[in-house]
file structure-v2.cif (mmCIF, C-alpha atoms)
data_coords
loop_
_atom_site.label_atom_id
_atom_site.label_comp_id
_atom_site.auth_asym_id
_atom_site.auth_seq_id
_atom_site.Cartn_x
_atom_site.Cartn_y
_atom_site.Cartn_z
CA MET A 1 38.44 124.99 21.33
CA SER A 2 42.18 124.79 20.88
CA ARG A 3 42.62 128.37 22.05
CA ARG A 4 40.57 127.72 25.20
CA ARG A 5 42.62 124.59 25.93
CA THR A 6 45.79 126.58 25.43
CA ARG A 7 44.63 129.25 27.83
CA ARG A 8 43.60 126.63 30.41
CA GLY A 9 46.96 124.87 29.95
CA LYS A 10 48.81 128.08 30.50
CA ALA A 11 46.75 128.86 33.62
CA GLY A 12 47.35 125.35 34.95
CA GLY A 13 51.08 125.64 34.37
CA PHE A 14 51.18 128.99 36.13
CA PHE A 15 49.27 127.53 39.08
CA ARG A 16 51.63 124.55 39.33
CA ARG A 17 54.68 126.79 39.15
CA THR A 18 53.25 129.08 41.80
CA LEU A 19 52.39 126.11 44.01
CA LEU A 20 55.90 124.73 43.53
CA LEU A 21 57.44 128.07 44.40
CA LEU A 22 55.28 128.33 47.49
CA LEU A 23 56.23 124.79 48.49
CA VAL A 24 59.93 125.53 48.01
CA ALA A 25 59.54 128.74 50.01
CA ALA A 26 57.72 126.87 52.77
CA LEU A 27 60.40 124.20 52.86
CA ALA A 28 63.09 126.85 52.98
CA MET A 29 61.24 128.69 55.73
CA GLY A 30 60.71 125.44 57.63
CA GLY A 31 64.37 124.54 57.29
CA TRP A 32 65.38 127.99 58.47
CA TYR A 33 63.03 127.78 61.44
CA TRP A 34 64.23 124.25 62.25
CA GLN A 35 67.85 125.37 62.25
CA ARG A 36 66.92 128.34 64.43
CA TYR A 37 65.02 126.01 66.79
CA ARG A 38 67.97 123.62 67.08
CA SER A 39 70.30 126.54 67.74
CA PHE A 40 67.89 127.91 70.36
CA ALA A 41 67.71 124.57 72.19
CA ASP A 42 71.42 124.37 72.95
CA ALA A 43 72.46 128.02 73.04
CA PRO A 44 73.29 129.55 76.46
CA LEU A 45 70.45 131.60 77.90
CA ALA A 46 71.17 135.30 77.62
CA GLY A 47 71.56 137.22 80.87
CA VAL A 48 72.39 134.35 83.24
CA GLU A 49 74.89 135.28 85.95
CA ALA A 50 76.71 132.90 88.27
CA GLY A 51 74.70 132.18 91.40
CA THR A 52 71.32 132.72 89.73
CA SER A 53 68.57 130.25 90.55
CA LEU A 54 65.03 129.58 89.38
CA VAL A 55 62.28 128.48 91.77
CA VAL A 56 59.50 126.36 90.32
CA ALA A 57 56.51 126.49 92.66
CA ARG A 58 53.61 124.07 92.86
CA GLY A 59 51.21 124.76 89.99
CA ASP A 60 53.74 126.64 87.84
CA SER A 61 53.27 126.19 84.09
CA LEU A 62 55.94 126.58 81.43
CA ALA A 63 54.57 130.04 80.70
CA SER A 64 54.92 131.11 84.34
CA VAL A 65 58.47 129.72 84.43
CA LEU A 66 59.35 131.81 81.36
CA ARG A 67 57.91 134.89 83.08
CA LYS A 68 60.11 134.20 86.09
CA LEU A 69 63.15 134.01 83.81
CA GLN A 70 62.22 137.35 82.28
CA ASP A 71 61.70 138.90 85.72
CA ALA A 72 65.23 137.74 86.63
CA GLY A 73 66.65 139.64 83.66
CA ILE A 74 67.08 136.55 81.48
CA ALA A 75 65.93 136.62 77.84
CA PRO A 76 64.30 133.19 77.36
CA GLY A 77 63.53 133.57 73.66
CA ASP A 78 60.50 132.42 71.65
CA ARG A 79 57.69 130.78 73.70
CA LEU A 80 56.72 128.51 70.80
CA GLN A 81 60.26 127.16 70.67
CA TRP A 82 60.11 126.39 74.41
CA GLN A 83 56.81 124.58 73.92
CA LEU A 84 58.17 122.53 71.03
CA LEU A 85 61.30 121.65 72.98
CA ALA A 86 59.30 120.73 76.09
CA ARG A 87 57.18 118.31 74.01
CA GLU A 88 60.28 116.88 72.35
CA LEU A 89 61.92 116.21 75.71
CA GLY A 90 58.79 114.92 77.41
CA ALA A 91 58.86 117.82 79.85
CA ALA A 92 55.54 119.40 78.95
CA GLY A 93 53.33 119.41 82.04
CA LYS A 94 56.01 117.57 84.05
CA LEU A 95 58.04 120.41 85.58
CA GLN A 96 58.99 119.39 89.11
CA VAL A 97 58.80 121.75 92.08
CA GLY A 98 62.10 123.00 93.46
CA GLU A 99 65.01 125.39 93.08
CA TYR A 100 67.24 125.05 90.04
CA ALA A 101 70.74 126.48 89.76
CA LEU A 102 71.37 128.47 86.59
CA GLN A 103 74.95 128.56 85.37
CA PRO A 104 76.08 131.00 82.65
CA GLU A 105 76.32 128.07 80.20
CA ALA A 106 72.75 126.89 80.93
CA SER A 107 70.65 126.25 77.80
CA PRO A 108 66.89 125.76 77.34
CA ARG A 109 67.52 122.04 76.83
CA SER A 110 69.59 121.60 80.02
CA LEU A 111 67.10 123.63 82.06
CA LEU A 112 64.05 121.71 80.81
CA LEU A 113 65.80 118.39 81.42
CA ALA A 114 66.68 119.48 84.95
CA MET A 115 63.10 120.56 85.67
CA ARG A 116 61.71 117.38 84.11
CA ASP A 117 64.01 115.13 86.17
CA GLY A 118 63.85 117.18 89.38
CA LYS A 119 67.60 117.88 89.49
CA VAL A 120 67.17 120.63 92.03
CA ALA A 121 69.98 122.81 93.37
CA ARG A 122 71.80 121.23 96.28
CA ARG A 123 73.36 123.47 98.90
CA MET A 124 75.89 122.47 101.54
CA PHE A 125 76.08 123.05 105.28
CA THR A 126 79.12 122.00 107.30
CA ILE A 127 79.14 121.23 111.01
CA VAL A 128 82.67 121.99 112.14
CA GLU A 129 84.54 119.61 114.44
CA GLY A 130 84.69 121.09 117.92
CA TRP A 131 81.60 123.28 117.62
CA ASN A 132 79.29 123.26 120.62
CA ILE A 133 75.51 123.35 120.40
CA ARG A 134 75.45 127.16 120.63
CA ASP A 135 77.85 127.44 117.69
CA LEU A 136 75.77 125.00 115.65
CA ARG A 137 72.44 126.70 116.26
CA LYS A 138 73.91 130.14 115.56
CA ALA A 139 75.36 128.94 112.23
CA LEU A 140 72.09 127.31 111.16
CA ALA A 141 70.14 130.49 111.91
CA LYS A 142 72.29 132.36 109.38
CA VAL A 143 71.63 130.02 106.46
CA GLU A 144 69.47 131.81 103.90
CA SER A 145 66.68 129.85 102.17
CA LEU A 146 66.79 127.18 104.90
CA GLN A 147 63.41 126.98 106.62
CA GLN A 148 63.86 127.92 110.28
CA ASP A 149 61.72 125.61 112.41
CA THR A 150 63.78 125.69 115.61
CA ALA A 151 64.24 129.41 116.21
CA ALA A 152 61.64 129.52 118.99
CA LEU A 153 62.75 126.23 120.59
CA ASP A 154 65.13 125.94 123.52
CA ASP A 155 67.54 123.01 123.61
CA ALA A 156 65.12 120.74 125.48
CA ALA A 157 62.28 121.46 123.05
CA LEU A 158 64.67 120.97 120.13
CA MET A 159 65.63 117.47 121.27
CA LYS A 160 61.96 116.63 121.83
CA ALA A 161 61.16 117.79 118.30
CA LEU A 162 63.92 115.49 117.04
CA GLY A 163 62.36 112.56 118.87
CA HIS A 164 64.89 112.39 121.71
CA PRO A 165 63.22 114.03 124.69
CA GLY A 166 65.42 114.42 127.75
CA GLN A 167 68.67 113.93 125.84
CA HIS A 168 71.32 116.63 126.27
CA PRO A 169 72.04 118.13 122.81
CA GLU A 170 75.77 118.61 123.25
CA GLY A 171 77.92 116.34 121.12
CA ARG A 172 74.94 114.71 119.42
CA PHE A 173 75.43 116.03 115.88
CA LEU A 174 78.19 114.64 113.69
CA PRO A 175 80.59 117.17 112.17
CA GLU A 176 80.20 116.60 108.45
CA THR A 177 79.03 118.40 105.30
CA TYR A 178 75.33 117.91 104.60
CA ALA A 179 73.52 118.62 101.32
CA TRP A 180 70.12 120.27 101.45
CA VAL A 181 67.58 121.66 99.01
CA ARG A 182 65.10 124.50 99.10
CA GLY A 183 62.16 123.50 101.28
CA ASP A 184 64.34 121.68 103.81
CA SER A 185 64.42 123.01 107.38
CA ASP A 186 67.06 123.33 110.07
CA LEU A 187 65.24 120.54 111.88
CA ASP A 188 65.72 118.28 108.83
CA LEU A 189 69.48 118.92 108.85
CA LEU A 190 69.76 118.38 112.60
CA GLY A 191 67.84 115.14 112.35
CA ARG A 192 70.25 113.81 109.75
CA ALA A 193 73.29 114.95 111.73
CA HIS A 194 71.91 113.33 114.88
CA ALA A 195 71.34 110.02 113.08
CA ALA A 196 74.84 110.20 111.57
CA MET A 197 76.39 110.70 115.01
CA ALA A 198 74.44 107.77 116.42
CA ARG A 199 75.76 105.54 113.63
CA GLU A 200 79.37 106.65 114.08
CA LEU A 201 79.19 106.28 117.85
CA ASP A 202 77.71 102.78 117.56
CA ALA A 203 80.47 101.78 115.11
CA ALA A 204 83.26 103.21 117.28
CA TRP A 205 81.87 101.53 120.41
CA ALA A 206 81.51 98.19 118.65
CA ALA A 207 85.19 98.38 117.59
CA ARG A 208 86.48 99.59 120.99
CA ALA A 209 89.63 98.21 122.56
CA ALA A 210 89.02 95.46 125.10
CA ASP A 211 90.72 97.37 127.91
CA VAL A 212 89.29 100.84 127.26
CA PRO A 213 88.31 102.30 130.70
CA LEU A 214 84.84 103.42 129.63
CA GLU A 215 81.56 101.97 130.84
CA SER A 216 79.30 103.00 127.99
CA LYS A 217 79.23 104.56 124.57
CA GLU A 218 77.88 107.71 126.23
CA GLN A 219 81.15 108.01 128.14
CA ALA A 220 83.00 107.42 124.87
CA LEU A 221 81.15 110.38 123.36
CA VAL A 222 82.14 112.58 126.32
CA LEU A 223 85.81 111.58 126.09
CA ALA A 224 85.82 112.05 122.31
CA SER A 225 84.53 115.60 122.73
CA ILE A 226 87.41 116.39 125.09
CA VAL A 227 89.94 114.90 122.67
CA GLU A 228 88.42 116.97 119.87
CA LYS A 229 88.87 120.19 121.83
CA GLU A 230 92.41 119.38 122.97
CA THR A 231 94.05 118.99 119.57
CA GLY A 232 93.53 119.88 115.95
CA ILE A 233 96.31 117.50 114.86
CA ALA A 234 94.70 114.34 113.55
CA GLU A 235 97.56 111.96 114.38
CA GLU A 236 97.70 113.23 117.96
CA ARG A 237 94.16 112.25 118.85
CA PRO A 238 94.92 108.64 119.90
CA ALA A 239 97.85 109.84 122.05
CA ILE A 240 95.70 112.49 123.74
CA ALA A 241 92.99 109.88 124.33
CA GLY A 242 95.67 107.56 125.75
CA VAL A 243 96.67 110.13 128.37
CA PHE A 244 93.07 110.55 129.54
CA ALA A 245 92.40 106.79 129.48
CA ARG A 246 95.41 106.16 131.74
CA ARG A 247 94.29 108.90 134.10
CA LEU A 248 90.84 107.35 134.32
CA GLU A 249 92.38 103.95 135.02
CA ILE A 250 94.43 105.17 137.99
CA GLY A 251 91.80 107.57 139.34
CA MET A 252 93.77 110.70 138.41
CA ARG A 253 91.75 113.81 137.57
CA LEU A 254 91.65 114.72 133.90
CA GLN A 255 92.55 118.38 134.55
CA THR A 256 91.71 119.57 131.05
CA ASP A 257 91.07 123.25 130.34
CA PRO A 258 88.36 122.80 127.65
CA THR A 259 86.00 121.28 130.25
CA VAL A 260 86.56 124.23 132.56
CA ILE A 261 85.86 126.66 129.72
CA TYR A 262 82.65 124.82 128.83
CA GLY A 263 81.50 124.98 132.43
CA MET A 264 82.10 128.74 132.49
CA GLY A 265 79.60 129.25 129.68
CA ALA A 266 79.10 132.91 128.75
CA ALA A 267 81.51 133.95 131.51
CA TYR A 268 84.41 132.78 129.37
CA THR A 269 85.81 135.75 127.42
CA GLY A 270 88.88 134.21 125.84
CA ASN A 271 91.23 133.80 128.80
CA ILE A 272 91.23 131.19 131.53
CA ARG A 273 92.60 132.30 134.92
CA ARG A 274 93.93 130.33 137.87
CA SER A 275 90.77 131.22 139.79
CA ASP A 276 88.70 129.60 137.04
CA LEU A 277 90.56 126.34 137.57
CA THR A 278 89.58 126.28 141.23
CA THR A 279 85.97 127.42 140.80
CA ASP A 280 83.87 124.27 141.01
CA THR A 281 81.32 123.47 138.29
CA PRO A 282 80.02 120.09 137.09
CA TYR A 283 82.49 120.41 134.18
CA ASN A 284 85.60 121.42 136.13
CA THR A 285 87.89 118.40 135.82
CA TYR A 286 90.41 120.10 138.13
CA THR A 287 87.94 119.96 141.02
CA ARG A 288 85.98 116.81 140.12
CA ASP A 289 86.95 113.22 139.42
CA GLY A 290 86.21 111.35 136.23
CA LEU A 291 84.46 112.54 133.10
CA PRO A 292 82.15 115.57 132.98
CA PRO A 293 78.40 114.86 132.86
CA THR A 294 77.96 115.53 129.12
CA PRO A 295 80.06 116.09 126.03
CA ILE A 296 81.54 119.56 125.68
CA ALA A 297 81.55 119.76 121.86
CA MET A 298 80.74 117.92 118.66
CA PRO A 299 83.48 115.30 118.09
CA GLY A 300 84.28 114.03 114.63
CA ALA A 301 84.51 110.39 113.63
CA ALA A 302 88.30 110.36 114.14
CA ALA A 303 87.95 111.59 117.73
CA LEU A 304 85.33 108.89 118.40
CA ARG A 305 87.73 106.23 117.16
CA ALA A 306 90.57 107.67 119.23
CA ALA A 307 88.46 107.69 122.40
CA THR A 308 87.49 104.04 121.96
CA ARG A 309 90.91 102.87 120.78
CA PRO A 310 93.42 105.11 122.62
CA ALA A 311 97.14 104.76 121.93
CA ASP A 312 99.28 102.66 124.27
CA GLY A 313 102.07 104.29 126.25
CA ASP A 314 102.98 105.66 129.65
CA ALA A 315 102.38 109.40 129.19
CA LEU A 316 100.16 111.07 131.79
CA TYR A 317 100.77 114.68 130.76
CA PHE A 318 100.97 116.82 127.66
CA VAL A 319 101.58 120.48 126.90
CA ALA A 320 101.67 122.51 123.71
CA VAL A 321 105.08 122.71 122.05
CA GLY A 322 104.42 126.40 121.42
CA ASP A 323 106.11 126.61 118.02
CA GLY A 324 102.94 127.41 116.10
CA SER A 325 102.45 123.86 114.86
CA GLY A 326 99.67 123.06 117.33
CA ARG A 327 101.49 119.92 118.43
CA HIS A 328 102.03 118.71 121.98
CA LEU A 329 104.89 117.26 124.01
CA PHE A 330 103.96 114.16 126.04
CA SER A 331 105.53 113.24 129.39
CA ALA A 332 105.30 110.24 131.70
CA SER A 333 106.34 112.05 134.89
CA LEU A 334 105.34 115.30 136.55
CA GLY A 335 108.96 116.43 136.61
CA ALA A 336 109.36 116.01 132.87
CA HIS A 337 106.02 117.71 132.33
CA ASN A 338 106.98 120.71 134.46
CA ALA A 339 110.19 121.08 132.47
CA ALA A 340 108.18 121.02 129.25
CA VAL A 341 105.82 123.65 130.66
CA ARG A 342 108.77 125.91 131.57
CA ALA A 343 110.14 125.55 128.05
CA TYR A 344 106.73 126.45 126.63
CA VAL A 345 106.48 129.55 128.84
CA GLN A 346 109.96 130.67 127.79
CA ARG A 347 109.09 130.31 124.09
CA TYR A 348 105.82 132.14 124.60
CA ARG A 349 107.51 135.07 126.38
CA ALA A 350 110.23 135.25 123.75
CA GLN A 351 107.58 135.43 121.02
CA GLN A 352 105.75 138.18 122.90
CA ARG A 353 108.92 140.24 123.25
CA SER A 354 109.74 139.83 119.54
CA GLN A 355 106.38 141.15 118.37
CA PRO A 356 106.35 144.80 117.23
CA LYS A 357 104.69 147.17 119.66
#
call {"tool": "encode", "arguments": {"input": "structure-v2.cif", "output": "C-alpha cells"}}
result
Amino acid sequence: MSRRRTRRGKAGGFFRRTLLLLLVAALAMGGWYWQRYRSFADAPLAGVEAGTSLVVARGDSLASVLRKLQDAGIAPGDRLQWQLLARELGAAGKLQVGEYALQPEASPRSLLLAMRDGKVARRMFTIVEGWNIRDLRKALAKVESLQQDTAALDDAALMKALGHPGQHPEGRFLPETYAWVRGDSDLDLLGRAHAAMARELDAAWAARAADVPLESKEQALVLASIVEKETGIAEERPAIAGVFARRLEIGMRLQTDPTVIYGMGAAYTGNIRRSDLTTDTPYNTYTRDGLPPTPIAMPGAAALRAATRPADGDALYFVAVGDGSGRHLFSASLGAHNAAVRAYVQRYRAQQRSQPK
C-alpha cells in the first residue's frame, strides 16, 4: 500500500509541476502577446505616405477596411489585434462612412478612433476675391473628389438649383475658404458661399453710412464688385469707393475700365483699346450713366464695407502710381489727374525701355 501511495504521490507531484509550468508559460505568453498588442495599438502603420486617404463606404466591415489598407500598400498587422482594439475602443460595428486622411504617424488606435467618431478628412476650396462667375465655375470643375452636380447647368439653371431663380449669379458668392468632405458637391459649396454673401451684404448694408448714394443693397453689391476689381490694396478700398460715391452724387460717369472689360466678355484678350471705351455695352461706364446692371466680380467682405462706408474727401479721380506697388494717386481736379496720368505714362515708358530685349 505504501508503495502505491508513493507512486501516486509522485505522479500527482509531477502533474502539479507540469500544470504550474504550463500556467507560467501561458502567463508569459499572455504577457508577451499583451505587450505586442499594446505596441501594435500605438505604433505607426507601415507603408503610409503623406496624402494617403482611406474611404469607408456604407456597409464596410473592419475586415473590408483592413483589405483596403492592404490594397493601398499599407501593412495593417494582425486582424485579431485590430478586433481586440476595436472592442476596447468601442469602435466595433461603429465605423462611420467617409474619407479619412492617413498621415505617416497614423496608428491603429488613432485610425479606429477617427472612424468611430467620424473625423473625416476635410478639404479646402477658396473663392478668390475678384473672381467672376466663369472663374469660379472653372475652378470648381477642377476639384477632384468633389461631386460635380452643376456641370450640365447654365448660369440660370444653376441659380434655380440654388433656390434663387432669376437672380444673376455674378457677385453672389462670398470669397472665402470653405471646408468640404468627400460626398459633398459643387452645388453644396456654392449654396454655402451664396448664403455667406447674403449675410455679409446684409451686415454691410445695415451698417452703411447715412449719406451713401446707393438706393439698395443690390447697388452696394455692384459698387463693391467695382472697388474689388480696381485695387488689391486693402487700405485703398474706402478711398476708391469714395471717388465713385462722389461721382454718383454729382451725376458724373464712373468711367472705370473693369466694367468695360466685363462687358467685352470673351472679346477681351488682355488689352483694352480706346475703341473699347467708346463701344457701348450695358457695362460700359464710359458711355452710360450710373452703376452697371449687375456686379462684375465677387467682392470680399472688406470691399462690401468700403462700398457702404466710403471714405470722405474731395477726390474724383485716381490713377496707378506705376511703381509696382499697386497703389493709386488720387486727385480732386481733372488738371491734377492729367498730370498724374502723364507721370504714370513716363514711368511706364521708362520701365519698358530699361527691360532687356
call {"tool": "residues_around", "arguments": {"input": "structure-v2.cif", "residues": "range 221-227 of chain A", "least_positions_apart": "2", "cutoff": "6 Å", "atoms": "all atoms listed in the file", "output": "ChimeraX atom specification"}}
result
/A:218-219,229-230,294-297,299,303-304,307
call {"tool": "atom_distance", "arguments": {"input": "structure-v2.cif", "atom1": "CA of Lys160 in chain A", "atom2": "CA of Ala193 in chain A"}}
result
15.3 Å
call {"tool": "atom_distance", "arguments": {"input": "structure-v2.cif", "atom1": "CA of Gly313 in chain A", "atom2": "CA of Ala245 in chain A"}}
result
10.5 Å
call {"tool": "closest_residue", "arguments": {"input": "structure-v2.cif", "among": "A:Ala315, A:Leu54, A:Ala339, A:Leu248", "to": "Glu215 in chain A", "atoms": "only C-alpha atoms"}}
result
A:Leu248
call {"tool": "atom_distance", "arguments": {"input": "structure-v2.cif", "atom1": "CA of Ala114 in chain A", "atom2": "CA of Gln147 in chain A"}}
result
23.2 Å
call {"tool": "residues_around", "arguments": {"input": "structure-v2.cif", "residues": "range 278-285 of chain A", "least_positions_apart": "2", "cutoff": "12 Å", "atoms": "all atoms listed in the file", "output": "PyMOL selection string"}}
result
chain A and resi 222+226+244+247-248+252-265+272-276+287-296
call {"tool": "write_last_selection", "arguments": {"input": "structure-v2.cif", "atoms": "C-alpha atoms", "output": "PDB file, keeping the file's coordinate frame"}}
result
ATOM      1  CA  VAL A 222      82.140 112.580 126.320  1.00  0.00           C
ATOM      2  CA  ILE A 226      87.410 116.390 125.090  1.00  0.00           C
ATOM      3  CA  PHE A 244      93.070 110.550 129.540  1.00  0.00           C
ATOM      4  CA  ARG A 247      94.290 108.900 134.100  1.00  0.00           C
ATOM      5  CA  LEU A 248      90.840 107.350 134.320  1.00  0.00           C
ATOM      6  CA  MET A 252      93.770 110.700 138.410  1.00  0.00           C
ATOM      7  CA  ARG A 253      91.750 113.810 137.570  1.00  0.00           C
ATOM      8  CA  LEU A 254      91.650 114.720 133.900  1.00  0.00           C
ATOM      9  CA  GLN A 255      92.550 118.380 134.550  1.00  0.00           C
ATOM     10  CA  THR A 256      91.710 119.570 131.050  1.00  0.00           C
ATOM     11  CA  ASP A 257      91.070 123.250 130.340  1.00  0.00           C
ATOM     12  CA  PRO A 258      88.360 122.800 127.650  1.00  0.00           C
ATOM     13  CA  THR A 259      86.000 121.280 130.250  1.00  0.00           C
ATOM     14  CA  VAL A 260      86.560 124.230 132.560  1.00  0.00           C
ATOM     15  CA  ILE A 261      85.860 126.660 129.720  1.00  0.00           C
ATOM     16  CA  TYR A 262      82.650 124.820 128.830  1.00  0.00           C
ATOM     17  CA  GLY A 263      81.500 124.980 132.430  1.00  0.00           C
ATOM     18  CA  MET A 264      82.100 128.740 132.490  1.00  0.00           C
ATOM     19  CA  GLY A 265      79.600 129.250 129.680  1.00  0.00           C
ATOM     20  CA  ILE A 272      91.230 131.190 131.530  1.00  0.00           C
ATOM     21  CA  ARG A 273      92.600 132.300 134.920  1.00  0.00           C
ATOM     22  CA  ARG A 274      93.930 130.330 137.870  1.00  0.00           C
ATOM     23  CA  SER A 275      90.770 131.220 139.790  1.00  0.00           C
ATOM     24  CA  ASP A 276      88.700 129.600 137.040  1.00  0.00           C
ATOM     25  CA  THR A 287      87.940 119.960 141.020  1.00  0.00           C
ATOM     26  CA  ARG A 288      85.980 116.810 140.120  1.00  0.00           C
ATOM     27  CA  ASP A 289      86.950 113.220 139.420  1.00  0.00           C
ATOM     28  CA  GLY A 290      86.210 111.350 136.230  1.00  0.00           C
ATOM     29  CA  LEU A 291      84.460 112.540 133.100  1.00  0.00           C
ATOM     30  CA  PRO A 292      82.150 115.570 132.980  1.00  0.00           C
ATOM     31  CA  PRO A 293      78.400 114.860 132.860  1.00  0.00           C
ATOM     32  CA  THR A 294      77.960 115.530 129.120  1.00  0.00           C
ATOM     33  CA  PRO A 295      80.060 116.090 126.030  1.00  0.00           C
ATOM     34  CA  ILE A 296      81.540 119.560 125.680  1.00  0.00           C
TER      35      ILE A 296
END
call {"tool": "closest_residue", "arguments": {"input": "structure-v2.cif", "among": "A:Gln167, A:Ala41, A:Gly47, A:Asp202", "to": "Leu111 in chain A", "atoms": "only C-alpha atoms"}}
result
A:Ala41
call {"tool": "closest_residue", "arguments": {"input": "structure-v2.cif", "among": "A:Met298, A:Ala152, A:Val120, A:Ala311", "to": "Gln96 in chain A", "atoms": "all atoms listed in the file"}}
result
A:Val120
call {"tool": "residues_around", "arguments": {"input": "structure-v2.cif", "residues": "range 139-146 of chain A", "least_positions_apart": "5", "cutoff": "7 Å", "atoms": "only C-alpha atoms", "output": "ChimeraX atom specification"}}
result
/A:182-186
call {"tool": "residues_around", "arguments": {"input": "structure-v2.cif", "residues": "Arg305 in chain A", "least_positions_apart": "3", "cutoff": "10 Å", "atoms": "all atoms listed in the file", "output": "number ranges by chain"}}
result
A: 200-201, 203-205, 207-209, 220-221, 224, 237-238, 241, 300-302, 308-310
call {"tool": "closest_residue", "arguments": {"input": "structure-v2.cif", "among": "A:Pro165, A:Pro175, A:Pro108, A:Gly322", "to": "Asp78 in chain A", "atoms": "only C-alpha atoms"}}
result
A:Pro108
call {"tool": "resolve_selection", "arguments": {"input": "structure-v2.cif", "expression": "the PyMOL selection byres ((chain A and resi 126) around 8)", "output": "VMD selection string"}}
result
chain A and resid 124 to 125 127 to 128 175 to 178
call {"tool": "resolve_selection", "arguments": {"input": "structure-v2.cif", "expression": "the PyMOL selection byres ((chain A and resi 107) around 10)", "output": "VMD selection string"}}
result
chain A and resid 40 to 46 48 76 102 to 106 108 to 113
call {"tool": "resolve_selection", "arguments": {"input": "structure-v2.cif", "expression": "the PyMOL selection byres ((chain A and resi 173) around 9)", "output": "ChimeraX atom specification"}}
result
/A:127,133,136,169-172,174-176,190-198,298-299
call {"tool": "write_last_selection", "arguments": {"input": "structure-v2.cif", "atoms": "C-alpha atoms", "output": "CSV table (one decimal), in the frame of the given file"}}
result
chain,number,residue,atom,x,y,z
A,127,ILE,CA,79.1,121.2,111.0
A,133,ILE,CA,75.5,123.4,120.4
A,136,LEU,CA,75.8,125.0,115.6
A,169,PRO,CA,72.0,118.1,122.8
A,170,GLU,CA,75.8,118.6,123.2
A,171,GLY,CA,77.9,116.3,121.1
A,172,ARG,CA,74.9,114.7,119.4
A,174,LEU,CA,78.2,114.6,113.7
A,175,PRO,CA,80.6,117.2,112.2
A,176,GLU,CA,80.2,116.6,108.4
A,190,LEU,CA,69.8,118.4,112.6
A,191,GLY,CA,67.8,115.1,112.4
A,192,ARG,CA,70.2,113.8,109.8
A,193,ALA,CA,73.3,115.0,111.7
A,194,HIS,CA,71.9,113.3,114.9
A,195,ALA,CA,71.3,110.0,113.1
A,196,ALA,CA,74.8,110.2,111.6
A,197,MET,CA,76.4,110.7,115.0
A,198,ALA,CA,74.4,107.8,116.4
A,298,MET,CA,80.7,117.9,118.7
A,299,PRO,CA,83.5,115.3,118.1
call {"tool": "closest_residue", "arguments": {"input": "structure-v2.cif", "among": "A:Leu187, A:Ala121, A:Val319, A:Val243", "to": "Tyr344 in chain A", "atoms": "all atoms listed in the file"}}
result
A:Val319
call {"tool": "residues_around", "arguments": {"input": "structure-v2.cif", "residues": "Gln83 in chain A", "least_positions_apart": "6", "cutoff": "10 Å", "atoms": "all atoms listed in the file", "output": "list of chain:residue names"}}
result
A:Leu62, A:Ala63, A:Leu89, A:Ala91, A:Ala92
call {"tool": "decode", "arguments": {"input": "structure-v2.cif", "residues": "range 147-188 of chain A", "atoms": "C-alpha atoms", "output": "compact mmCIF listing (two decimals), in the first residue's frame"}}
result
# COMPACT_ATOMS: atom_id res chain seq x y z
CA GLN A 147 -19.19 65.64 -56.78
CA GLN A 148 -20.00 67.66 -59.91
CA ASP A 149 -23.73 68.41 -59.95
CA THR A 150 -23.64 71.65 -61.96
CA ALA A 151 -21.57 70.70 -64.99
CA ALA A 152 -24.61 70.46 -67.28
CA LEU A 153 -26.31 73.58 -65.87
CA ASP A 154 -26.08 77.04 -67.38
CA ASP A 155 -25.99 80.03 -65.05
CA ALA A 156 -29.77 80.43 -64.98
CA ALA A 157 -30.32 76.75 -64.17
CA LEU A 158 -27.58 76.93 -61.54
CA MET A 159 -29.30 79.77 -59.69
CA LYS A 160 -32.62 77.91 -59.90
CA ALA A 161 -30.99 74.82 -58.41
CA LEU A 162 -29.70 77.00 -55.57
CA GLY A 163 -33.22 78.24 -54.90
CA HIS A 164 -32.77 81.71 -56.42
CA PRO A 165 -34.42 81.57 -59.84
CA GLY A 166 -33.99 84.69 -61.95
CA GLN A 167 -31.09 86.04 -59.90
CA HIS A 168 -27.93 86.95 -61.83
CA PRO A 169 -25.06 84.80 -60.46
CA GLU A 170 -22.34 87.42 -60.66
CA GLY A 171 -21.09 88.67 -57.32
CA ARG A 172 -23.34 86.33 -55.33
CA PHE A 173 -20.69 84.05 -53.80
CA LEU A 174 -18.50 85.30 -50.97
CA PRO A 175 -14.74 84.99 -51.47
CA GLU A 176 -13.67 82.82 -48.57
CA THR A 177 -12.12 79.41 -47.85
CA TYR A 178 -14.71 76.65 -47.46
CA ALA A 179 -14.15 73.21 -45.93
CA TRP A 180 -15.74 70.21 -47.62
CA VAL A 181 -15.71 66.45 -47.26
CA ARG A 182 -15.98 63.55 -49.66
CA GLY A 183 -19.59 63.21 -50.78
CA ASP A 184 -20.15 66.97 -50.94
CA SER A 185 -20.96 68.51 -54.32
CA ASP A 186 -20.11 71.74 -56.08
CA LEU A 187 -23.73 72.74 -55.52
CA ASP A 188 -23.25 72.30 -51.76
